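Student: Hey, dropping run-v4.txt in here, compact mmCIF, C-alpha atoms and all ligand atoms:
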```txt
# COMPACT_ATOMS: atom_id res chain seq x y z
CA MET A 593 20.53 -60.51 -32.43
CA THR A 594 23.03 -58.09 -30.90
CA LYS A 595 24.01 -57.98 -27.24
CA GLU A 596 22.16 -54.69 -26.87
CA GLU A 597 18.96 -56.14 -28.35
CA LEU A 598 19.23 -59.17 -26.11
CA LYS A 599 19.82 -56.95 -23.09
CA LYS A 600 16.65 -55.09 -23.90
CA GLU A 601 14.68 -58.33 -24.18
CA LEU A 602 15.99 -59.63 -20.87
CA GLY A 603 15.37 -56.31 -19.17
CA SER A 604 11.69 -57.20 -18.85
CA ILE A 605 12.45 -60.24 -16.70
CA THR A 606 11.76 -59.71 -13.01
CA ASP A 607 14.28 -60.00 -10.19
CA PRO A 608 11.97 -61.95 -7.87
CA SER A 609 13.86 -60.85 -4.77
CA ALA A 610 13.36 -57.17 -5.60
CA GLU A 611 10.06 -57.45 -7.43
CA LYS A 612 11.48 -55.13 -10.05
CA THR A 613 12.59 -55.82 -13.60
CA LEU A 614 16.26 -56.33 -14.41
CA ALA A 615 16.07 -53.13 -16.42
CA GLU A 616 14.94 -51.27 -13.32
CA THR A 617 17.57 -52.79 -11.04
CA ASN A 618 20.28 -52.58 -13.72
CA GLY A 619 20.71 -56.26 -12.88
CA ILE A 620 22.28 -57.38 -16.18
CA LYS A 621 25.95 -57.02 -15.34
CA HIS A 622 27.47 -58.89 -18.23
CA ILE A 623 26.13 -60.31 -21.43
CA ASP A 624 27.89 -62.25 -24.14
CA ILE A 625 26.79 -64.35 -27.08
CA SER A 626 29.08 -66.93 -28.61
CA ASP A 627 28.33 -70.11 -30.54
CA ASP A 628 24.65 -69.52 -30.00
CA VAL A 629 25.14 -69.70 -26.23
CA VAL A 630 24.31 -66.73 -24.02
CA THR A 631 26.57 -66.03 -21.04
CA LEU A 632 25.21 -63.78 -18.32
CA ILE A 633 26.16 -62.30 -14.99
CA ILE A 634 23.01 -61.24 -13.22
CA GLY A 635 22.90 -59.12 -10.10
CA LEU A 636 20.02 -59.88 -7.75
CA GLU A 637 18.84 -58.00 -4.70
CA LYS A 638 19.00 -61.29 -2.77
CA THR A 639 20.62 -64.52 -3.90
CA ASP A 640 18.69 -67.09 -1.85
CA ASP A 641 18.22 -70.36 -3.74
CA ILE A 642 14.53 -69.83 -4.20
CA TYR A 643 15.07 -66.54 -6.08
CA VAL A 644 17.95 -67.86 -8.16
CA LYS A 645 15.95 -70.91 -9.23
CA SER A 646 12.97 -68.83 -10.16
CA ILE A 647 14.83 -66.33 -12.31
CA LYS A 648 16.95 -69.08 -13.87
CA ARG A 649 13.75 -70.65 -15.12
CA ASP A 650 12.49 -67.35 -16.52
CA LEU A 651 15.79 -66.63 -18.25
CA ALA A 652 15.97 -70.10 -19.82
CA ARG A 653 12.40 -69.83 -21.04
CA LYS A 654 13.01 -66.46 -22.66
CA ILE A 655 16.45 -67.20 -24.10
CA LYS A 656 15.92 -70.74 -25.33
CA LEU A 657 12.19 -71.05 -26.01
CA ASP A 658 11.26 -67.51 -27.07
CA LEU A 659 14.51 -66.37 -28.67
CA GLY A 660 15.81 -69.71 -29.92
CA PHE A 661 19.34 -69.72 -28.50
CA LYS A 662 20.97 -73.11 -27.96
CA GLY A 663 22.00 -72.56 -24.37
CA VAL A 664 22.41 -70.17 -21.49
CA LYS A 665 25.07 -69.96 -18.79
CA ALA A 666 24.28 -67.61 -15.97
CA GLU A 667 26.05 -66.58 -12.80
CA PHE A 668 24.25 -64.74 -10.05
CA GLN A 669 25.62 -62.28 -7.58
CA LEU A 670 24.38 -59.76 -5.07
CA ASN A 671 23.26 -56.53 -6.61
CA LYS A 672 23.74 -54.37 -3.58
CA LEU A 673 24.31 -51.43 -5.84
CA SER A 674 20.79 -50.93 -7.03
CA ASP A 675 20.44 -47.47 -5.58
CA SER A 676 24.06 -46.38 -5.85
CA ILE A 677 25.82 -44.82 -8.79
CA LEU A 678 26.15 -48.13 -10.58
CA SER A 679 22.47 -48.18 -11.40
CA ARG A 680 22.95 -45.03 -13.41
CA GLU A 681 24.54 -45.24 -16.79
CA VAL A 682 28.06 -44.47 -15.61
CA LYS A 683 30.84 -46.15 -17.53
CA TYR A 684 33.80 -47.41 -15.58
CA ILE A 685 37.04 -47.74 -17.51
CA GLY A 686 40.00 -49.45 -15.86
CA ILE A 687 43.46 -48.46 -17.06
CA ALA A 688 45.72 -51.47 -16.56
CA SER A 689 49.20 -52.65 -17.45
CA GLY A 690 51.32 -55.65 -16.65
CA LYS A 691 54.42 -53.65 -15.87
CA GLY A 692 54.80 -50.56 -13.75
CA GLY A 693 56.07 -47.30 -15.09
CA VAL A 694 54.64 -47.63 -18.58
CA GLY A 695 52.45 -44.54 -18.25
CA LYS A 696 49.12 -45.77 -16.88
CA SER A 697 48.62 -42.78 -14.63
CA THR A 698 49.74 -40.31 -17.28
CA VAL A 699 47.33 -41.87 -19.77
CA THR A 700 44.50 -41.91 -17.19
CA ALA A 701 44.96 -38.22 -16.41
CA ASN A 702 45.25 -37.12 -20.03
CA LEU A 703 42.33 -39.28 -21.13
CA ALA A 704 40.21 -37.67 -18.40
CA TYR A 705 41.03 -34.20 -19.74
CA ALA A 706 40.45 -35.28 -23.34
CA LEU A 707 37.02 -36.71 -22.48
CA LYS A 708 36.23 -33.48 -20.67
CA ARG A 709 37.24 -31.49 -23.74
CA LEU A 710 34.75 -33.58 -25.70
CA GLY A 711 32.02 -32.47 -23.32
CA LYS A 712 31.91 -35.37 -20.89
CA LYS A 713 31.85 -35.12 -17.13
CA VAL A 714 34.63 -37.33 -15.78
CA GLY A 715 35.80 -38.77 -12.47
CA ILE A 716 39.05 -40.53 -11.64
CA ILE A 717 39.56 -43.27 -9.06
CA ASP A 718 43.25 -43.66 -8.28
CA ALA A 719 43.26 -47.26 -7.09
CA ASP A 720 47.01 -47.73 -7.28
CA ILE A 721 47.60 -48.37 -3.62
CA TYR A 722 51.30 -49.10 -4.06
CA GLY A 723 52.23 -46.19 -6.27
CA SER A 724 49.42 -43.69 -6.15
CA SER A 725 50.38 -40.76 -8.34
CA ILE A 726 47.26 -39.07 -9.69
CA PRO A 727 47.28 -36.29 -7.05
CA THR A 728 50.91 -35.52 -7.89
CA LEU A 729 50.34 -35.65 -11.63
CA LEU A 730 47.38 -33.28 -11.30
CA ASP A 731 49.17 -31.08 -8.79
CA MET A 732 46.62 -31.61 -6.04
CA PRO A 733 47.24 -31.39 -2.31
CA ILE A 734 47.04 -34.70 -0.47
CA LYS A 735 44.50 -34.31 2.29
CA THR A 736 41.53 -36.20 3.65
CA PRO A 737 38.34 -35.49 1.72
CA ARG A 738 35.31 -34.15 3.53
CA SER A 739 32.38 -36.44 4.07
CA THR A 740 28.65 -35.97 4.42
CA LYS A 741 26.55 -36.77 7.50
CA ASP A 742 25.72 -40.18 6.10
CA GLU A 743 29.44 -40.82 5.57
CA LYS A 744 29.61 -40.36 1.84
CA ILE A 745 33.03 -39.19 0.69
CA ILE A 746 33.09 -35.93 -1.25
CA PRO A 747 35.65 -36.19 -4.06
CA PHE A 748 38.07 -33.38 -4.87
CA ASN A 749 37.60 -31.38 -8.01
CA VAL A 750 40.38 -30.21 -10.32
CA ASP A 751 39.50 -28.41 -13.53
CA ASP A 752 36.01 -29.87 -13.26
CA ILE A 753 37.30 -33.44 -13.02
CA GLU A 754 36.45 -35.26 -9.79
CA VAL A 755 39.22 -37.25 -8.15
CA ILE A 756 39.42 -39.77 -5.37
CA SER A 757 42.73 -41.44 -4.51
CA THR A 758 44.14 -44.06 -2.19
CA ALA A 759 46.68 -41.38 -1.26
CA PHE A 760 43.95 -39.35 0.48
CA PHE A 761 43.31 -42.18 2.93
CA LEU A 762 46.68 -43.77 3.58
CA PRO A 763 48.94 -42.48 6.27
CA GLN A 764 52.07 -41.60 4.32
CA ASN A 765 55.36 -43.39 5.04
CA LYS A 766 53.76 -46.68 6.04
CA PRO A 767 55.51 -49.77 4.71
CA LEU A 768 54.06 -51.16 1.52
CA MET A 769 53.24 -54.57 3.00
CA TRP A 770 50.76 -52.87 5.26
CA ARG A 771 48.76 -51.63 2.33
CA GLY A 772 47.63 -54.80 0.59
CA PRO A 773 44.94 -55.77 3.12
CA MET A 774 43.54 -52.25 3.05
CA LEU A 775 42.99 -52.21 -0.64
CA GLY A 776 39.84 -54.31 -0.91
CA LYS A 777 38.19 -52.29 1.79
CA MET A 778 39.20 -49.02 0.23
CA LEU A 779 38.03 -50.01 -3.23
CA ASN A 780 34.70 -50.93 -1.72
CA HIS A 781 34.46 -47.41 -0.37
CA PHE A 782 35.45 -45.90 -3.68
CA PHE A 783 32.74 -47.74 -5.54
CA TYR A 784 29.93 -47.46 -3.03
CA ASP A 785 30.49 -44.44 -0.87
CA VAL A 786 31.68 -41.58 -3.04
CA LEU A 787 29.26 -38.80 -3.70
CA TRP A 788 30.08 -38.17 -7.35
CA ASP A 789 28.51 -35.35 -9.26
CA ASP A 790 25.15 -36.40 -10.69
CA GLU A 791 26.31 -35.67 -14.19
CA ILE A 792 29.34 -37.96 -14.17
CA GLU A 793 29.36 -40.18 -17.24
CA TYR A 794 32.83 -41.74 -17.15
CA ILE A 795 34.91 -42.87 -14.21
CA LEU A 796 38.48 -43.81 -15.06
CA VAL A 797 40.17 -46.23 -12.67
CA ASP A 798 43.97 -46.06 -12.49
CA LEU A 799 44.87 -49.61 -11.46
CA PRO A 800 48.05 -50.87 -9.83
CA PRO A 801 50.39 -52.64 -12.25
CA GLY A 802 50.06 -56.40 -12.48
CA THR A 803 47.61 -58.99 -13.58
CA GLY A 804 46.04 -60.39 -10.48
CA ASP A 805 44.11 -59.69 -7.38
CA VAL A 806 43.07 -56.09 -7.83
CA ALA A 807 41.48 -56.82 -11.18
CA MET A 808 39.61 -59.57 -9.39
CA ASP A 809 38.39 -57.22 -6.65
CA ILE A 810 37.18 -54.84 -9.29
CA GLN A 811 35.44 -57.61 -11.14
CA LYS A 812 33.42 -58.31 -8.00
CA LEU A 813 32.51 -54.66 -7.58
CA ILE A 814 31.86 -53.64 -11.15
CA PRO A 815 31.58 -56.54 -13.56
CA ALA A 816 30.76 -54.16 -16.39
CA CYS A 817 34.12 -52.37 -16.13
CA GLU A 818 35.79 -51.81 -19.48
CA MET A 819 39.57 -52.06 -19.74
CA ILE A 820 42.33 -50.25 -21.55
CA ILE A 821 45.74 -51.91 -21.50
CA VAL A 822 48.79 -49.65 -21.61
CA THR A 823 52.15 -50.87 -22.86
CA THR A 824 55.41 -49.48 -24.17
CA PRO A 825 56.67 -50.53 -27.60
CA HIS A 826 59.24 -52.90 -26.13
CA PRO A 827 58.57 -56.65 -26.54
CA SER A 828 59.36 -57.36 -22.87
CA ALA A 829 56.69 -54.90 -21.74
CA SER A 830 54.23 -56.20 -24.29
CA TYR A 831 54.63 -59.77 -23.09
CA ILE A 832 53.39 -58.83 -19.62
CA ALA A 833 50.75 -56.51 -21.05
CA VAL A 834 49.28 -59.47 -22.93
CA LYS A 835 49.06 -61.34 -19.64
CA ALA A 836 47.23 -58.43 -18.04
CA GLY A 837 44.88 -58.36 -21.03
CA PHE A 838 44.12 -62.06 -20.76
CA ALA A 839 43.42 -61.68 -17.05
CA ALA A 840 40.93 -58.94 -17.87
CA LYS A 841 39.31 -61.11 -20.52
CA GLU A 842 39.09 -64.05 -18.20
CA LEU A 843 37.26 -61.87 -15.73
CA LYS A 844 34.91 -60.95 -18.56
CA HIS A 845 35.87 -57.31 -18.58
CA GLU A 846 35.29 -55.80 -21.95
CA LEU A 847 38.60 -54.82 -23.53
CA LEU A 848 38.34 -51.45 -25.21
CA GLY A 849 41.82 -51.81 -26.62
CA VAL A 850 45.50 -51.04 -26.20
CA VAL A 851 47.40 -47.79 -25.81
CA GLU A 852 51.06 -47.84 -26.77
CA ASN A 853 52.86 -45.19 -24.78
CA MET A 854 56.33 -43.73 -25.43
CA THR A 855 56.10 -44.89 -29.05
CA GLN A 856 58.84 -42.63 -30.33
CA LEU A 857 60.67 -39.39 -29.78
CA VAL A 858 60.67 -36.77 -32.48
CA HIS A 859 63.71 -34.57 -32.00
CA LYS A 860 64.95 -31.94 -34.44
CA GLY A 861 63.04 -33.59 -37.26
CA GLU A 862 64.43 -37.02 -36.50
CA THR A 863 62.26 -39.89 -35.26
CA LEU A 864 63.90 -42.05 -32.62
CA LYS A 865 62.34 -45.35 -31.54
CA ILE A 866 63.97 -45.31 -28.16
CA PHE A 867 61.95 -48.09 -26.55
CA GLY A 868 61.78 -50.47 -29.48
CA GLU A 869 58.91 -50.97 -31.86
CA GLY A 870 55.68 -52.84 -32.43
CA GLY A 871 54.69 -53.69 -28.84
CA GLY A 872 51.27 -52.04 -28.96
CA GLU A 873 50.27 -53.70 -32.18
CA GLU A 874 51.48 -57.07 -30.96
CA VAL A 875 49.48 -56.81 -27.75
CA ALA A 876 46.37 -55.71 -29.63
CA ASN A 877 46.72 -58.61 -32.08
CA LYS A 878 47.25 -61.20 -29.39
CA LEU A 879 44.26 -59.96 -27.43
CA ASP A 880 42.19 -59.66 -30.56
CA THR A 881 41.46 -56.03 -29.89
CA GLU A 882 42.26 -52.60 -31.28
CA LEU A 883 45.40 -50.46 -30.95
CA LEU A 884 43.57 -47.34 -29.84
CA ALA A 885 46.44 -44.85 -29.75
CA GLN A 886 50.19 -44.41 -29.96
CA ILE A 887 51.46 -41.68 -27.69
CA GLU A 888 54.83 -40.13 -28.40
CA ILE A 889 57.45 -39.25 -25.82
CA GLY A 890 57.16 -35.66 -24.72
CA GLN A 891 56.43 -33.21 -21.96
CA PRO A 892 53.53 -30.77 -21.92
CA GLU A 893 54.42 -27.10 -22.25
CA ASP A 894 52.19 -25.57 -19.57
CA HIS A 895 51.40 -28.34 -17.10
CA ILE A 896 53.38 -31.08 -15.42
CA THR A 897 51.25 -33.84 -16.94
CA ILE A 898 48.37 -32.62 -19.07
CA PHE A 899 48.90 -31.81 -22.72
CA ASP A 900 46.99 -28.95 -24.24
CA ALA A 901 44.46 -29.89 -26.94
CA LYS A 902 46.62 -27.98 -29.42
CA GLU A 903 49.82 -29.90 -28.70
CA GLU A 904 50.44 -32.93 -30.88
CA ILE A 905 50.24 -35.39 -27.98
CA GLY A 906 47.09 -33.63 -26.79
CA VAL A 907 45.59 -34.35 -30.20
CA SER A 908 46.53 -38.04 -29.83
CA TYR A 909 44.67 -38.13 -26.52
CA LEU A 910 41.62 -36.53 -28.16
CA GLY A 911 41.75 -39.33 -30.74
CA LEU A 912 41.84 -41.88 -27.92
CA ALA A 913 38.91 -40.19 -26.16
CA ASN A 914 36.91 -40.19 -29.38
CA LYS A 915 37.44 -43.95 -29.74
CA VAL A 916 36.34 -44.49 -26.15
CA LEU A 917 33.15 -42.54 -26.81
CA LYS A 918 32.49 -44.40 -30.02
CA ALA A 919 32.88 -47.77 -28.28
CA ASN A 920 30.32 -46.66 -25.71
CA LYS A 921 27.67 -45.34 -28.06
N1 LIG B 1001 54.65 -40.33 -23.34
C1 LIG B 1001 55.50 -39.98 -22.36
N2 LIG B 1001 56.57 -39.19 -22.63
C2 LIG B 1001 57.44 -38.86 -21.66
N3 LIG B 1001 57.34 -39.26 -20.39
C3 LIG B 1001 56.30 -40.04 -20.06
C4 LIG B 1001 55.34 -40.46 -21.02
N4 LIG B 1001 54.43 -41.23 -20.39
C5 LIG B 1001 54.79 -41.30 -19.11
N5 LIG B 1001 55.93 -40.60 -18.90
C6 LIG B 1001 56.67 -40.45 -17.64
O1 LIG B 1001 57.05 -41.76 -17.22
C7 LIG B 1001 56.91 -41.92 -15.82
C8 LIG B 1001 55.95 -43.05 -15.51
O2 LIG B 1001 54.65 -42.68 -15.95
P1 LIG B 1001 53.37 -43.02 -15.09
O3 LIG B 1001 53.58 -42.64 -13.67
O4 LIG B 1001 52.22 -42.46 -15.80
O5 LIG B 1001 53.39 -44.60 -15.24
P2 LIG B 1001 52.57 -45.71 -14.44
O6 LIG B 1001 52.40 -46.85 -15.37
O7 LIG B 1001 51.37 -45.11 -13.85
O8 LIG B 1001 53.61 -46.06 -13.32
P3 LIG B 1001 53.33 -46.84 -11.95
O9 LIG B 1001 53.41 -48.27 -12.29
O10 LIG B 1001 54.47 -46.38 -11.09
O11 LIG B 1001 52.00 -46.42 -11.45
C9 LIG B 1001 56.43 -40.57 -15.30
O12 LIG B 1001 57.55 -39.85 -14.87
C10 LIG B 1001 55.81 -39.90 -16.52
O13 LIG B 1001 55.91 -38.49 -16.48
MG MG B 1002 50.72 -45.00 -11.86
```
Kindly present the structure from the file in structure tokens form.
Ligand SMILES: Nc1ncnc2c1ncn2[C@@H]1O[C@H](COP(=O)(O)OP(=O)(O)OP(=O)(O)O)[C@@H](O)[C@H]1O
Ligand SMILES: [Mg+2]
Tutor:
Amino acid sequence: MTKEELKKELGSITDPSAEKTLAETNGIKHIDISDDVVTLIIGLEKTDDIYVKSIKRDLARKIKLDLGFKGVKAEFQLNKLSDSILSREVKYIGIASGKGGVGKSTVTANLAYALKRLGKKVGIIDADIYGSSIPTLLDMPIKTPRSTKDEKIIPFNVDDIEVISTAFFLPQNKPLMWRGPMLGKMLNHFFYDVLWDDEIEYILVDLPPGTGDVAMDIQKLIPACEMIIVTTPHPSASYIAVKAGFAAKELKHELLGVVENMTQLVHKGETLKIFGEGGGEEVANKLDTELLAQIEIGQPEDHITIFDAKEEIGVSYLGLANKVLKANK
């Protein structure tokens, strides 16, 4: 039985606190099968003991008695998102790296355009509170977004891609140490209070570099977030990228794969491996995932960041976008 089939089966189970099925509340946040044991994260409208006990019993009956699995491990959390965007089929993809400066934001921006070129409606959350750069990379003014009467934030739109960034909310020139405590709160806003276009199918999240706390915050907000790990070809970068990947795995984020950025420079017919070799493949192997793309060193001809679909690097990003779509079919 595949995860998808199992998800369908469990969708008919009722969240007793909402009196709606898990399919209706989009309450199945994570599902995994290994060694005949099913691991679940279930979002409930309310997590009082009485509700948890009741649904635990129903899940065990279905999974063990009806479907014949050996065991079930389930965690329960508040599903306060049932009427927000998360109950629609929007895919969140976090772009992470261990080290800074490896090209996360560049990859995020170009992947957004590539997905758009393949007909998808895309949003970007720039969650890099320490080094927010999406507005700069996309040549957008930094100003406070408008909000609706019920205090929903209206994202900015560039080339039909919707963007929300920490930079829009932070007073500039504040010391970095001041920012940490704001991040959790701001992420909360980004996930609950943004009025995205109804048609949005993919939201890319440009994460701060590192392996720790932000990934954890995101795990709490969107357990079903998928992750792409960006690294350069150099072994020192790949070592930290592996750590970031393991952190994501530990938090049960689904790893889509690895992007190796700055793979090589092709200059006057010569190929130069300026930043070493093999890092992307090594990270993918160690994390038991796929090397999704290798992006060469280069600058776009007509934009500060975004490659045209006809440029060679633009084609590499289309390849990456195609793999993302395939993984989400
Ligand atoms: N493939 C590439 N070829 C040439 N330059 C690149 C490439 N990828 C990224 N860069 C450049 O490297 C710098 C760092 O890239 P970027 O800001 O995307 O990295 P980052 O991982 O988001 O960094 P930070 O940790 O600061 O957020 C930028 O100046 C960007 O233009
Ligand atoms: Mg960045």
Student: Taking into account only C-alpha atoms, which residue in the set A:Thr594, A:Thr824, A:Thr631, A:Ser604 is nearest to Val694 (chain A)?
Tutor: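 Among A:Thr594, A:Thr824, A:Thr631, A:Ser604, it is A:Thr824 that comes nearest to Val694 (chain A).
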Student: Counting only C-alpha atoms and all ligand atoms, what are the residues, protein, DNA or RNA alike, that approach ligand LIG 1001 (chain B) to within 10 Å? I want them as an NGL selection string.
Tutor: :A and (687-702 or 718-726 or 728-729 or 798-802 or 822-824 or 852-857 or 886-892 or 896-898 or 905)
Student: Rounded to one decimal, what separation in Å do you get between CA of Leu602 (chain A) and CA of Asp650 (chain A)?
Tutor: 9.5 Å
Student: For ligand MG 1002 (chain B), which of A:Val797, A:Gly911, A:Thr863, A:Ile634 is the closest residue, counting all atoms listed in the file?
Tutor: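 Of A:Val797, A:Gly911, A:Thr863, A:Ile634, the one nearest ligand MG 1002 (chain B), counting all atoms listed in the file, is A:Val797.
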Student: Find the residues near Val714 (chain A): any atom within 6 Å, counting only C-alpha atoms, skip ones fewer than 2 places away on the same chain, and give them as a list of chain:residue names.
Tutor: A:Ile753, A:Ile792, A:Tyr794, A:Ile795
Student: Please provide the set of residues having any atom within 12 Å of Gly711 (chain A), restricted to all atoms listed in the file, with same-chain residues fewer than 6 positions apart removed, written as a list in words.
Tutor: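 Listed by chain and then number, they are Ala704, Tyr705, Asp752, Ile753, Glu791, Ile792, Glu793, Tyr794, Leu910, Ala913, Asn914 and Leu917 of chain A.
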Student: Which polymer residues, whether protein, DNA or RNA, lie within 12 Å of the coordinate (12.7, -67.7, -21.6) when you count all atoms listed in the file? List them as a PyMOL selection string, using the chain letters and numbers from the file.
Tutor: chain A and resi 598+601-606+630+646-664
Student: Can you write out the residues you just picked, keeping C-alpha atoms, as a short mmCIF file (atom, residue, chain, number, x, y, z; two decimals), in the frame of the given file?
Tutor:
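Wrote it out as part.cif, contents follow:
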```cif
data_model
loop_
_atom_site.label_atom_id
_atom_site.label_comp_id
_atom_site.auth_asym_id
_atom_site.auth_seq_id
_atom_site.Cartn_x
_atom_site.Cartn_y
_atom_site.Cartn_z
CA LEU A 598 19.23 -59.17 -26.11
CA GLU A 601 14.68 -58.33 -24.18
CA LEU A 602 15.99 -59.63 -20.87
CA GLY A 603 15.37 -56.31 -19.17
CA SER A 604 11.69 -57.20 -18.85
CA ILE A 605 12.45 -60.24 -16.70
CA THR A 606 11.76 -59.71 -13.01
CA VAL A 630 24.31 -66.73 -24.02
CA SER A 646 12.97 -68.83 -10.16
CA ILE A 647 14.83 -66.33 -12.31
CA LYS A 648 16.95 -69.08 -13.87
CA ARG A 649 13.75 -70.65 -15.12
CA ASP A 650 12.49 -67.35 -16.52
CA LEU A 651 15.79 -66.63 -18.25
CA ALA A 652 15.97 -70.10 -19.82
CA ARG A 653 12.40 -69.83 -21.04
CA LYS A 654 13.01 -66.46 -22.66
CA ILE A 655 16.45 -67.20 -24.10
CA LYS A 656 15.92 -70.74 -25.33
CA LEU A 657 12.19 -71.05 -26.01
CA ASP A 658 11.26 -67.51 -27.07
CA LEU A 659 14.51 -66.37 -28.67
CA GLY A 660 15.81 -69.71 -29.92
CA PHE A 661 19.34 -69.72 -28.50
CA LYS A 662 20.97 -73.11 -27.96
CA GLY A 663 22.00 -72.56 -24.37
CA VAL A 664 22.41 -70.17 -21.49
#
```
Student: Nearest to ligand MG 1002 (chain B): which of A:Leu707, A:Ala759, A:Ala615, A:Ile623 is it, counting only C-alpha atoms and all ligand atoms?
Tutor: A:Ala759
Student: Return the single residue from A:Glu873, A:Glu904, A:His895, A:Leu636 that is closest to Leu730 (chain A), with distances computed using only C-alpha atoms.
Tutor: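 That would be A:His895, the residue with the smallest distance to Leu730 (chain A).
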Student: Would you please work out which residue, of A:Lys921, A:Lys777, A:Lys595, A:Arg738, is nearest to Phe760 (chain A) when using all atoms listed in the file?
Tutor: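 Of all the options, A:Arg738 lies closest to Phe760 (chain A).
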Student: Box in all listed atoms of region 844-863 of chain A, axis-aligned, with 6 Å more on each side; write out centre and edge lengths in Å to one decimal as AutoDock Vina command-line options.
Tutor:
```
--center_x 49.9 --center_y -46.4 --center_z -27.9 --size_x 42.0 --size_y 41.0 --size_z 30.7
```
Student: Just want the 12 Å neighbourhood of Lys735 (chain A), counted on all atoms listed in the file, with same-chain residues fewer than 2 positions away dropped. Output as number ranges by chain.
Tutor: A: 727, 732-733, 737-738, 747-748, 756-764
Student: Quick one: of A:Lys860, A:His781, A:Ala816, A:Ile745, who's nearest to Ile620 (chain A), counting only C-alpha atoms?
Tutor: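 Nearest to Ile620 (chain A): A:Ala816.
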Student: Just want the 10 Å neighbourhood of Lys621 (chain A), counted on all atoms listed in the file, with same-chain residues fewer than 4 positions away dropped. Output as a PDB file with C-alpha atoms, in the coordinates of the input.
Tutor:
```pdb
ATOM      1  CA  LYS A 599      19.820 -56.950 -23.090  1.00  0.00           C
ATOM      2  CA  LEU A 614      16.260 -56.330 -14.410  1.00  0.00           C
ATOM      3  CA  LEU A 632      25.210 -63.780 -18.320  1.00  0.00           C
ATOM      4  CA  ILE A 633      26.160 -62.300 -14.990  1.00  0.00           C
ATOM      5  CA  ILE A 634      23.010 -61.240 -13.220  1.00  0.00           C
ATOM      6  CA  GLY A 635      22.900 -59.120 -10.100  1.00  0.00           C
ATOM      7  CA  GLU A 667      26.050 -66.580 -12.800  1.00  0.00           C
ATOM      8  CA  PHE A 668      24.250 -64.740 -10.050  1.00  0.00           C
ATOM      9  CA  GLN A 669      25.620 -62.280  -7.580  1.00  0.00           C
ATOM     10  CA  ASN A 671      23.260 -56.530  -6.610  1.00  0.00           C
ATOM     11  CA  ILE A 814      31.860 -53.640 -11.150  1.00  0.00           C
ATOM     12  CA  PRO A 815      31.580 -56.540 -13.560  1.00  0.00           C
ATOM     13  CA  ALA A 816      30.760 -54.160 -16.390  1.00  0.00           C
ATOM     14  CA  CYS A 817      34.120 -52.370 -16.130  1.00  0.00           C
TER      15      CYS A 817
END
```
Student: Just the residues within 9 Å of Tyr831 (chain A), please, counting all atoms listed in the file, with nothing from its chain fewer than 6 positions along; format it as a list in words.
Tutor: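 Surrounding residues, per the criterion: Gly690, Gly871, Glu874 and Val875 of chain A.
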Student: State, in Å with one decimal place, the distance from CA of Gly619 (chain A) to CA of Asp607 (chain A).
Tutor: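 Spanning CA of Gly619 (chain A) to CA of Asp607 (chain A) is a straight-line distance of 7.9 Å.
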Student: What's the separation between CA of Leu710 (chain A) and CA of Phe899 (chain A), in Å to one decimal place?
Tutor: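 Separating CA of Leu710 (chain A) from CA of Phe899 (chain A) is a distance of 14.6 Å.
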